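Chemist: Below is a structure I'd like to ask you about.
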Amino acid sequence: MILDDLPANDLIREGLIDLSAGRRTVASLLVKIASPKLSRCGIVVSATVEEALNADHELYELLGREHGNEAHSRYNALLRELVSFERSLEARHRRLTQPEHVPGPPRIT
């Protein structure tokens with residue numbers, strides 16, 4: 001699958017499962033945040049644009065309840081993981097969908 005071996009792929013897979021089951025978890029909120037990029041890369045995500053835009057606030061609130069004063073550092077760490085995942089996913093998607101450049105014979109001018 002396109003997610004194999006990407007950074008944080010286990011967390012994203014968990015989030016996809018949680019989201020499809022209607023669970024509001026850290027992982028499902030990260031998937032909502034990433035849903036526009038996931039969708040552009042061919043991964044179906046059941047989240048509206050509005051849900052994607054609000055997910056970062058929901059994530060921070062959830063982390064605040066779970067981690068108290070440590071919420072901010074946990075939030076930033078999760079977003080760094082997500083950005084790393086998104087960059088790797090987009091690079092893999094480009095490699096898989098764009099034809100390889102095959103150089104033609106040299107032109108004589």
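Within each chain, counting starts at residue 1; across the structure tokens, chains are named A, B, ... in the order shown, with ligands numbered 1 upward in that order.
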Excluding Asn54 (chain A) and its own-chain neighbours fewer than 4 positions away, which residues fall within 10 Å of it when counting only C-alpha atoms? Please give them as an NGL selection string.
Modeler: :A and (29 or 32-33 or 48-50 or 58-59)
Chemist: A:Ala91, A:Val26, A:Leu3, A:Ile17: which is nearest His67 (chain A), counting only C-alpha atoms?
Modeler: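 Using only C-alpha atoms, the shortest distance to His67 (chain A) belongs to A:Val26.
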Chemist: Given the choices A:Leu30, A:Val44, A:Val83, A:Leu53, which gets closest to Pro7 (chain A) if the distance is worked out from only C-alpha atoms?
Modeler: A:Val83
Chemist: In Å to one decimal, how far is CA of Gly15 (chain A) from CA of Val31 (chain A)?
Modeler: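 For CA of Val31 (chain A) relative to CA of Gly15 (chain A), the distance reads 5.6 Å.
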Chemist: So which bits of chain A end up alpha helix (DSSP H) when you DSSP the backbone, as JSON, numbers by chain?
Modeler: {"A": [9, 10, 11, 12, 13, 14, 15, 16, 17, 18, 19, 20, 26, 27, 28, 29, 30, 31, 32, 33, 34, 35, 36, 37, 38, 39, 40, 49, 50, 51, 52, 53, 54, 55, 56, 57, 58, 59, 60, 61, 62, 63, 64, 65, 66, 67, 71, 72, 73, 74, 75, 76, 77, 78, 79, 80, 81, 82, 83, 84, 85, 86, 87, 88, 89, 90, 91, 92, 93, 94, 95, 96, 97]}
Chemist: Enter the distance from CA of Arg74 (chain A) to CA of Asp18 (chain A), in Å, rounded to one decimal.
Modeler: 19.7 Å
Chemist: Considering only C-alpha atoms, return as a list in words whatever protein or nucleic-acid residues lie within 10 Å of Phe85 (chain A), sequence-local ones (same chain, fewer than 6 positions apart) excluded.
Modeler: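 Counting only C-alpha atoms, the residues come to Leu3, Asp5, Leu6, Pro7, Ala8, Asn9, Leu11, Ile12, Ala34, Leu79 and Ala91 of chain A.
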Chemist: For the residues in that selection, give me N, CA and C atoms as a compact mmCIF listing (two decimals), in the first residue's frame.
Modeler:
```txt
# COMPACT_ATOMS: atom_id res chain seq x y z
N LEU A 3 1.00 3.65 1.91
CA LEU A 3 1.42 4.10 3.24
C LEU A 3 2.60 3.31 3.80
N ASP A 5 5.84 1.84 5.11
CA ASP A 5 7.17 2.35 5.42
C ASP A 5 7.28 3.87 5.50
N LEU A 6 6.17 4.58 5.47
CA LEU A 6 6.24 6.04 5.62
C LEU A 6 6.32 6.38 7.10
N PRO A 7 6.92 7.52 7.45
CA PRO A 7 6.96 7.92 8.86
C PRO A 7 5.54 8.04 9.40
N ALA A 8 5.30 7.55 10.58
CA ALA A 8 4.01 7.65 11.28
C ALA A 8 2.88 6.91 10.57
N ASN A 9 3.22 5.96 9.69
CA ASN A 9 2.16 5.27 8.95
C ASN A 9 1.24 4.48 9.89
N LEU A 11 0.29 5.33 12.89
CA LEU A 11 -0.62 6.31 13.48
C LEU A 11 -1.70 6.73 12.47
N ILE A 12 -1.31 6.92 11.23
CA ILE A 12 -2.27 7.31 10.20
C ILE A 12 -3.24 6.18 9.90
N ALA A 34 -4.92 16.01 7.96
CA ALA A 34 -4.20 15.64 6.73
C ALA A 34 -5.13 15.29 5.58
N LEU A 79 2.29 17.19 15.22
CA LEU A 79 2.23 17.91 13.94
C LEU A 79 3.53 17.74 13.15
N ALA A 91 5.71 12.76 -1.94
CA ALA A 91 6.85 12.37 -2.77
C ALA A 91 6.60 10.98 -3.38
```
Chemist: Measuring between only C-alpha atoms, which one of A:Gln98, A:Ala47, A:Leu38, A:Gly64 shows the shortest distance to Ser20 (chain A)?
Modeler: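 Checking each of A:Gln98, A:Ala47, A:Leu38, A:Gly64 against Ser20 (chain A), counting only C-alpha atoms, the winner is A:Ala47.
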Chemist: Identify, on the basis of only C-alpha atoms, every residue whose closest approach to Ile43 (chain A) does not exceed 10 Å; exclude the query and any residue fewer than 6 positions from it along the same chain; express the result as a ChimeraX atom specification.
Modeler: /A:2-3,16,35-37
Chemist: Kindly save the residues from that selection, with N, CA and C atoms included, as a short mmCIF file (atom, residue, chain, number, x, y, z; two decimals), in the first residue's frame.
Modeler:
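Dumped to result-v2.cif:
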```cif
data_model
loop_
_atom_site.label_atom_id
_atom_site.label_comp_id
_atom_site.auth_asym_id
_atom_site.auth_seq_id
_atom_site.Cartn_x
_atom_site.Cartn_y
_atom_site.Cartn_z
N ILE A 2 0.33 2.33 -0.43
CA ILE A 2 1.10 3.57 -0.55
C ILE A 2 1.63 4.05 0.80
N LEU A 3 1.00 3.65 1.91
CA LEU A 3 1.42 4.10 3.24
C LEU A 3 2.60 3.31 3.80
N LEU A 16 -7.25 6.36 10.30
CA LEU A 16 -8.23 6.03 9.25
C LEU A 16 -9.29 5.07 9.78
N SER A 35 -6.44 15.27 5.80
CA SER A 35 -7.37 14.77 4.79
C SER A 35 -7.25 15.42 3.41
N PRO A 36 -7.00 16.72 3.29
CA PRO A 36 -6.85 17.26 1.93
C PRO A 36 -5.68 16.62 1.17
N LYS A 37 -4.54 16.47 1.83
CA LYS A 37 -3.38 15.86 1.16
C LYS A 37 -3.59 14.38 0.94
#
```
Chemist: So what do you get for CA of Ser46 (chain A) versus CA of Gly22 (chain A), distance-wise?
Modeler: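 We find that CA of Ser46 (chain A) and CA of Gly22 (chain A) lie 9.7 Å from each other.
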